[in-house]
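Undergrad: One file: model17.txt (compact mmCIF, C-alpha atoms).
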# COMPACT_ATOMS: atom_id res chain seq x y z
CA MET A 99 -1.33 -21.29 -11.21
CA TYR A 100 1.28 -19.85 -8.86
CA ARG A 101 0.66 -19.78 -5.12
CA ILE A 102 1.47 -16.79 -2.93
CA VAL A 103 3.59 -18.28 -0.16
CA SER A 104 3.88 -15.10 1.88
CA LYS A 105 2.82 -11.46 1.80
CA LYS A 106 4.30 -8.56 3.74
CA SER A 107 3.66 -4.82 3.72
CA LEU A 108 6.97 -2.93 3.60
CA ASN A 109 5.42 0.54 3.81
CA PRO A 110 1.96 2.05 3.11
CA THR A 111 2.32 1.67 -0.68
CA VAL A 112 4.88 -1.12 -1.15
CA THR A 113 4.21 -4.85 -0.78
CA GLN A 114 6.49 -7.88 -0.81
CA MET A 115 5.28 -11.30 -1.98
CA GLU A 116 6.98 -14.66 -2.19
CA ILE A 117 5.64 -16.74 -5.09
CA LEU A 118 6.00 -20.49 -5.55
CA ALA A 119 7.52 -20.73 -9.04
CA PRO A 120 10.22 -23.47 -9.07
CA PHE A 121 11.19 -23.21 -12.73
CA VAL A 122 11.64 -19.44 -12.50
CA ALA A 123 13.55 -19.69 -9.21
CA LYS A 124 15.90 -22.26 -10.75
CA LYS A 125 17.11 -19.84 -13.46
CA ALA A 126 16.64 -16.36 -11.94
CA ARG A 127 19.59 -14.01 -11.49
CA ALA A 128 20.00 -10.51 -10.10
CA GLY A 129 18.81 -7.79 -12.49
CA GLN A 130 16.21 -9.91 -14.27
CA PHE A 131 12.43 -9.59 -14.19
CA ILE A 132 9.25 -11.62 -14.55
CA ILE A 133 5.88 -10.94 -16.20
CA LEU A 134 2.68 -11.74 -14.34
CA ARG A 135 -1.07 -11.37 -14.57
CA ALA A 136 -3.00 -10.81 -11.34
CA SER A 137 -6.21 -12.21 -12.86
CA GLU A 138 -7.23 -14.35 -15.84
CA ASP A 139 -8.45 -11.33 -17.81
CA GLY A 140 -5.88 -8.90 -16.47
CA GLU A 141 -3.02 -7.09 -18.19
CA ARG A 142 0.53 -8.38 -18.22
CA ILE A 143 3.03 -6.37 -16.18
CA PRO A 144 6.78 -6.75 -15.62
CA LEU A 145 8.17 -6.85 -12.07
CA THR A 146 11.81 -7.22 -11.09
CA VAL A 147 13.01 -10.36 -9.33
CA ALA A 148 13.72 -9.01 -5.83
CA GLY A 149 15.03 -12.35 -4.62
CA TYR A 150 14.81 -16.09 -5.06
CA ASP A 151 15.28 -19.33 -3.13
CA ARG A 152 16.23 -22.19 -5.41
CA GLU A 153 15.72 -24.84 -2.72
CA LYS A 154 12.20 -23.66 -1.79
CA GLY A 155 11.40 -22.87 -5.42
CA THR A 156 10.19 -19.38 -4.60
CA VAL A 157 10.67 -15.97 -6.20
CA THR A 158 10.27 -12.71 -4.28
CA ILE A 159 8.64 -9.69 -5.91
CA ILE A 160 8.26 -6.22 -4.44
CA PHE A 161 5.82 -3.76 -6.01
CA GLN A 162 4.39 -0.32 -5.43
CA VAL A 163 0.65 0.09 -5.79
CA VAL A 164 0.37 2.65 -8.59
CA GLY A 165 -2.07 1.25 -11.16
CA GLY A 166 -5.02 -1.08 -11.58
CA THR A 167 -3.02 -4.31 -11.82
CA THR A 168 -0.86 -3.65 -8.76
CA GLU A 169 -4.02 -2.67 -6.87
CA CYS A 170 -5.59 -6.00 -7.87
CA LEU A 171 -2.42 -7.90 -6.96
CA ASN A 172 -2.27 -6.20 -3.58
CA HIS A 173 -5.74 -7.52 -2.73
CA LYS A 174 -4.48 -11.08 -2.95
CA ASN A 175 -3.24 -12.78 0.21
CA GLU A 176 -1.10 -15.68 1.33
CA GLY A 177 -2.54 -18.89 -0.12
CA ASP A 178 -4.13 -17.16 -3.10
CA PHE A 179 -2.96 -17.86 -6.64
CA ILE A 180 -1.62 -15.84 -9.58
CA PRO A 181 -2.59 -17.27 -12.99
CA ASP A 182 0.60 -16.33 -14.87
CA PHE A 183 4.18 -15.83 -13.67
CA VAL A 184 6.72 -16.01 -16.50
CA GLY A 185 10.48 -15.60 -16.44
CA PRO A 186 13.22 -14.92 -15.82
CA LEU A 187 13.49 -12.27 -18.57
CA GLY A 188 16.03 -9.58 -19.39
CA ARG A 189 19.79 -9.60 -19.13
CA PRO A 190 21.19 -10.29 -15.65
CA THR A 191 23.53 -7.88 -13.91
CA GLN A 192 27.14 -8.47 -14.95
CA ILE A 193 29.13 -8.89 -11.74
CA GLU A 194 32.08 -10.96 -12.94
CA GLY A 195 35.42 -9.31 -12.23
CA LEU A 196 34.00 -6.53 -10.05
CA LYS A 197 35.90 -6.09 -6.79
CA LYS A 198 34.64 -2.79 -5.42
CA VAL A 199 31.17 -1.53 -6.33
CA CYS A 200 28.79 1.19 -5.16
CA VAL A 201 25.10 0.32 -5.41
CA VAL A 202 22.78 3.35 -5.32
CA GLY A 203 19.05 2.74 -4.82
CA GLY A 204 16.12 5.11 -4.49
CA GLY A 205 12.59 4.47 -3.23
CA VAL A 206 10.98 1.26 -4.45
CA GLY A 207 13.97 0.89 -6.78
CA CYS A 208 15.79 -0.44 -3.71
CA ALA A 209 13.88 -3.68 -4.27
CA ILE A 210 15.83 -4.04 -7.51
CA ALA A 211 19.11 -2.81 -6.04
CA LEU A 212 19.06 -5.30 -3.15
CA PRO A 213 19.52 -8.53 -5.16
CA VAL A 214 22.33 -6.81 -7.06
CA ALA A 215 24.07 -5.91 -3.79
CA ARG A 216 23.51 -9.46 -2.56
CA ALA A 217 24.95 -11.05 -5.71
CA LEU A 218 28.02 -8.82 -5.54
CA HIS A 219 28.51 -9.55 -1.84
CA GLU A 220 28.22 -13.31 -2.39
CA ALA A 221 30.75 -13.04 -5.23
CA GLY A 222 33.24 -11.52 -2.79
CA ALA A 223 33.04 -7.88 -3.91
CA ASP A 224 33.40 -4.94 -1.53
CA VAL A 225 29.95 -3.32 -1.62
CA THR A 226 29.08 0.26 -0.69
CA ALA A 227 25.31 0.80 -0.58
CA ILE A 228 23.63 4.19 -0.70
CA VAL A 229 19.85 4.23 -0.41
CA GLY A 230 17.47 7.17 -0.39
CA PHE A 231 13.81 7.79 0.46
CA ARG A 232 11.53 10.80 0.81
CA ASN A 233 11.03 10.21 4.54
CA LYS A 234 11.32 7.64 7.35
CA ASP A 235 7.88 6.13 6.73
CA LEU A 236 8.89 5.00 3.24
CA VAL A 237 12.13 3.24 4.19
CA ILE A 238 12.31 -0.41 3.09
CA LEU A 239 14.88 -3.23 3.26
CA GLU A 240 17.35 -1.41 5.51
CA ASP A 241 18.50 -4.48 7.45
CA GLU A 242 18.87 -6.50 4.26
CA PHE A 243 21.10 -3.86 2.68
CA LYS A 244 23.25 -3.66 5.78
CA SER A 245 23.81 -7.42 5.73
CA TYR A 246 25.18 -7.30 2.18
CA SER A 247 27.20 -4.08 2.46
CA ASN A 248 30.66 -3.24 3.71
CA ASP A 249 29.65 0.42 3.90
CA PHE A 250 26.04 1.62 4.19
CA HIS A 251 24.51 5.09 3.82
CA MET A 252 20.86 5.94 4.53
CA MET A 253 19.49 9.21 3.16
CA THR A 254 16.07 10.88 3.45
CA ASP A 255 14.96 14.05 1.70
CA ASP A 256 13.52 15.57 4.90
CA GLY A 257 16.16 14.27 7.32
CA SER A 258 13.61 12.26 9.32
CA TYR A 259 15.90 9.21 9.20
CA GLY A 260 19.57 8.64 8.44
CA LYS A 261 21.14 11.78 6.97
CA GLN A 262 19.32 14.56 5.16
CA GLY A 263 19.86 14.91 1.44
CA ASN A 264 19.71 12.90 -1.76
CA VAL A 265 21.87 9.91 -2.68
CA CYS A 266 24.30 12.06 -4.66
CA VAL A 267 25.53 13.74 -1.45
CA PRO A 268 27.37 10.73 0.06
CA LEU A 269 28.32 9.48 -3.42
CA LYS A 270 30.08 12.76 -4.23
CA GLU A 271 31.70 12.85 -0.79
CA LEU A 272 33.14 9.37 -1.27
CA LEU A 273 34.47 10.18 -4.73
CA GLU A 274 35.99 13.44 -3.53
CA LYS A 275 37.77 11.56 -0.73
CA GLY A 276 39.43 9.37 -3.32
CA GLU A 277 37.23 6.26 -3.24
CA ARG A 278 37.52 4.45 -6.53
CA PHE A 279 34.87 1.98 -7.61
CA ASP A 280 35.11 -0.48 -10.46
CA GLU A 281 31.51 0.42 -11.14
CA VAL A 282 28.54 2.30 -9.75
CA ILE A 283 25.16 0.63 -10.26
CA THR A 284 22.11 2.84 -9.81
CA ILE A 285 18.45 1.85 -9.67
CA GLY A 286 15.53 4.13 -8.81
CA PRO A 287 13.52 7.07 -10.14
CA LEU A 288 14.74 8.32 -13.51
CA ILE A 289 15.54 11.78 -12.18
CA MET A 290 17.67 10.26 -9.41
CA MET A 291 19.59 8.07 -11.84
CA LYS A 292 20.17 11.04 -14.13
CA PHE A 293 21.95 12.96 -11.39
CA VAL A 294 23.84 9.91 -10.10
CA CYS A 295 25.22 9.42 -13.61
CA ALA A 296 26.06 13.11 -13.89
CA THR A 297 27.98 12.89 -10.61
CA THR A 298 29.99 9.82 -11.56
CA LYS A 299 30.73 11.11 -15.06
CA GLU A 300 32.60 14.01 -13.48
CA TYR A 301 34.95 11.48 -11.87
CA GLY A 302 35.16 9.08 -14.79
CA VAL A 303 33.54 6.18 -12.94
CA LYS A 304 31.71 3.62 -15.07
CA THR A 305 28.02 3.67 -14.15
CA ILE A 306 25.23 1.23 -14.95
CA ALA A 307 21.60 2.37 -14.74
CA SER A 308 18.57 0.07 -14.65
CA MET A 309 15.78 1.30 -16.90
CA ASN A 310 13.06 -0.88 -15.38
CA PRO A 311 10.80 2.14 -14.76
CA LEU A 312 10.07 2.37 -18.50
CA MET A 313 8.94 -1.22 -19.05
CA ILE A 314 5.29 -2.10 -19.68
CA ASP A 315 4.84 -5.16 -21.88
CA GLY A 316 8.27 -6.65 -21.18
CA THR A 317 8.76 -8.41 -24.53
CA GLY A 318 9.75 -5.61 -26.89
CA MET A 319 6.46 -5.74 -28.82
CA CYS A 320 4.71 -2.68 -27.40
CA GLY A 321 7.63 -0.32 -27.98
CA CYS A 322 6.81 1.72 -24.88
CA CYS A 323 10.23 1.23 -23.30
CA ARG A 324 12.18 2.70 -26.21
CA LEU A 325 15.11 4.81 -25.14
CA THR A 326 18.16 6.35 -26.71
CA VAL A 327 21.54 5.02 -25.59
CA GLY A 328 24.63 6.45 -27.24
CA GLY A 329 22.51 7.81 -30.07
CA GLU A 330 20.94 4.41 -30.82
CA MET A 331 17.41 3.23 -30.06
CA LYS A 332 17.20 0.44 -27.50
CA PHE A 333 14.40 -1.41 -25.71
CA ALA A 334 14.73 -1.61 -21.93
CA CYS A 335 13.08 -5.03 -21.74
CA VAL A 336 15.04 -6.97 -24.37
CA ASP A 337 18.29 -5.01 -24.68
CA GLY A 338 18.52 -4.29 -20.94
CA PRO A 339 17.22 -3.43 -18.50
CA GLU A 340 20.72 -2.21 -17.59
CA PHE A 341 22.68 0.24 -19.74
CA ASP A 342 25.72 2.50 -19.57
CA GLY A 343 24.28 5.41 -17.62
CA HIS A 344 26.58 7.95 -19.23
CA LEU A 345 25.09 7.19 -22.65
CA ILE A 346 21.37 7.29 -21.74
CA ASP A 347 19.19 10.21 -22.84
CA PHE A 348 17.42 10.60 -19.50
CA ASP A 349 15.39 13.65 -20.53
CA GLU A 350 13.79 11.66 -23.34
CA ALA A 351 13.18 8.71 -21.01
CA MET A 352 11.53 10.91 -18.37
CA SER A 353 9.27 12.50 -20.96
CA ARG A 354 8.16 9.04 -22.12
CA SER A 355 7.61 7.85 -18.55
CA ARG A 356 5.30 10.75 -17.71
CA SER A 357 3.04 9.82 -20.61
CA TYR A 358 1.43 7.01 -18.60
CA ALA A 359 0.98 8.71 -15.22
CA ASP A 360 -2.65 9.79 -15.74
CA PHE A 361 -3.60 6.38 -17.18
CA GLU A 362 -2.11 4.54 -14.20
CA THR A 363 -3.96 6.78 -11.76
CA HIS A 364 -7.27 6.27 -13.57
CA GLU A 365 -6.85 2.47 -13.69
CA ARG A 366 -6.00 2.29 -10.00
CA GLU A 367 -9.06 4.36 -9.08
CA ASP A 368 -11.26 2.04 -11.16
CA ALA A 369 -9.76 -1.01 -9.45
CA CYS A 370 -10.29 0.53 -6.00
CA ASN A 371 -13.93 1.27 -6.79
CA LEU A 372 -14.44 -2.29 -8.03
CA PHE A 373 -13.09 -3.80 -4.81
CA LYS A 374 -15.18 -1.44 -2.71
CA LYS A 375 -18.35 -2.54 -4.52
CA GLU A 376 -17.45 -6.21 -3.98
CA VAL A 377 -17.04 -5.59 -0.23
CA GLU A 378 -20.34 -3.72 -0.04
Now, as a test, write the supplied structure out as structure tokens.
TA:
Amino acid sequence: MYRIVSKKSLNPTVTQMEILAPFVAKKARAGQFIILRASEDGERIPLTVAGYDREKGTVTIIFQVVGGTTECLNHKNEGDFIPDFVGPLGRPTQIEGLKKVCVVGGGVGCAIALPVARALHEAGADVTAIVGFRNKDLVILEDEFKSYSNDFHMMTDDGSYGKQGNVCVPLKELLEKGERFDEVITIGPLIMMKFVCATTKEYGVKTIASMNPLMIDGTGMCGCCRLTVGGEMKFACVDGPEFDGHLIDFDEAMSRSRSYADFETHEREDACNLFKKEVE
């Protein structure tokens, strides 16, 4: 059993938890993920390692409440336990040799982008961070990004905070001004990553995209995270989750991702009704 050391609401739909898992914390690296079950009879879901403290033996996860399992997990509180918490899994972000990097995060994907920015910063790289959200109420991890960035850009779709526009606006402006990055790393909604990669391809800048949004089982057995990279079939969970963004078939990936939207909504509604009945 794994104890929830702390719980914090980052915005109305996103929660941060710190889990006591010493063996996972000892090995975890930026870009990797864990698999957990919120209950003994629950489904297994993958969540990215948003942070870790090797001395305390804790791993931080950040999740958006979108389905039945995340709804169940969100009803747990500090001091409660999670039955299964396995990892770290997946290939870690490759940061060796990178001197100047732009990290582009969108929405809850910023929870994945943050440990990457932190790892690069701690390795001595010059980090430019661009983060985007729909509006001010959904902004998360702003102070944390600022602490690990040499240059920080906040964007909101409606202009209610930071500057108005999507993440491609400042990215294109920087590239047009002559900024040259060893690599751009993008993590967020598939549609956002598609256009980030399209922008950087125009300037010949190597771009890595994290395909975490596709993962379900996390072990390669379910086949749900199949994607085409450079004309070859890959699995986001075992071959990635990071790939060369210029080689990913994003249209195929987005089509696959939409297949589970109705199921997730239905499962979350069932979980909500169950908790309501327990309270009554």
Undergrad: Env of Arg216 in chain A: 9 Å cut, atoms = only C-alpha atoms, seq-sep filter 5 positions within chain, self excluded. Answer as a ChimeraX atom specification.
TA: /A:128,211,221,225,242-243,245-247
Undergrad: I'd like the neighbourhood of range 296-305 of chain A as an mmCIF file with C-alpha atoms, in the frame of the given file, where a residue qualifies if any of its atoms comes within 9 Å (using only C-alpha atoms), though same-chain residues fewer than 5 positions away should be ignored.
TA:
data_model
loop_
_atom_site.group_PDB
_atom_site.id
_atom_site.type_symbol
_atom_site.label_atom_id
_atom_site.label_comp_id
_atom_site.auth_asym_id
_atom_site.auth_seq_id
_atom_site.Cartn_x
_atom_site.Cartn_y
_atom_site.Cartn_z
ATOM 1 C CA CYS A 266 24.300 12.060 -4.660
ATOM 2 C CA LEU A 269 28.320 9.480 -3.420
ATOM 3 C CA LYS A 270 30.080 12.760 -4.230
ATOM 4 C CA LEU A 273 34.470 10.180 -4.730
ATOM 5 C CA GLU A 274 35.990 13.440 -3.530
ATOM 6 C CA ARG A 278 37.520 4.450 -6.530
ATOM 7 C CA PHE A 279 34.870 1.980 -7.610
ATOM 8 C CA ASP A 280 35.110 -0.480 -10.460
ATOM 9 C CA GLU A 281 31.510 0.420 -11.140
ATOM 10 C CA VAL A 282 28.540 2.300 -9.750
ATOM 11 C CA ILE A 283 25.160 0.630 -10.260
ATOM 12 C CA THR A 284 22.110 2.840 -9.810
ATOM 13 C CA MET A 291 19.590 8.070 -11.840
ATOM 14 C CA PHE A 341 22.680 0.240 -19.740
ATOM 15 C CA ASP A 342 25.720 2.500 -19.570
ATOM 16 C CA GLY A 343 24.280 5.410 -17.620
ATOM 17 C CA HIS A 344 26.580 7.950 -19.230
#
Undergrad: Which residues come within 9 Å of range 110-120 of chain A, counting all atoms listed in the file, excluding same-chain residues fewer than 3 positions away, as a PyMOL selection string?
TA: chain A and resi 100-107+123-125+148-164+172+175-176+179-180+183-184+206+235-236+238
Undergrad: Write out as lines of an AutoDock Vina configuration file an axis-aligned box for range 239-252 of chain A: all of its atoms listed in the file, 6 Å added on each side, centre and edge lengths in Å with one decimal.
TA:
center_x = 22.8
center_y = -0.7
center_z = 4.8
size_x = 27.8
size_y = 25.4
size_z = 17.3
Undergrad: So, with all atoms listed in the file as the atoms that count, which of A:Gly230, A:Gly165, A:Gly286, A:Gly129 lies closest to Ile193 in chain A?
TA: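 Looking only at the distances to Ile193 in chain A, the closest residue turns out to be A:Gly129.
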Undergrad: Write out as a PyMOL selection string each polymer residue whose atoms come within 6 Å of Val229 in chain A, counting all atoms listed in the file; drop sequence neighbours fewer than 3 positions from it.
TA: chain A and resi 202-204+252
Undergrad: Looking at A:Phe348, A:Phe250, A:Phe121, A:Phe293, which one is nearest to Val327 in chain A, with distances taken over only C-alpha atoms?
TA: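 Looking only at the distances to Val327 in chain A, the closest residue turns out to be A:Phe348.
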Undergrad: Can you tell me, as a list in words, which residues sit within 8 Å of (21.7, -8.8, -13.6) in the file's frame, using all atoms listed in the file?
TA: Arg127, Ala128, Gly129, Gln130, Arg189, Pro190, Thr191, Gln192, Ile193, Val214 and Glu340 of chain A
Undergrad: Provide the CA of Gly185 in chain A to CA of Thr146 in chain A distance in Å, to one decimal place.
TA: 10.0 Å
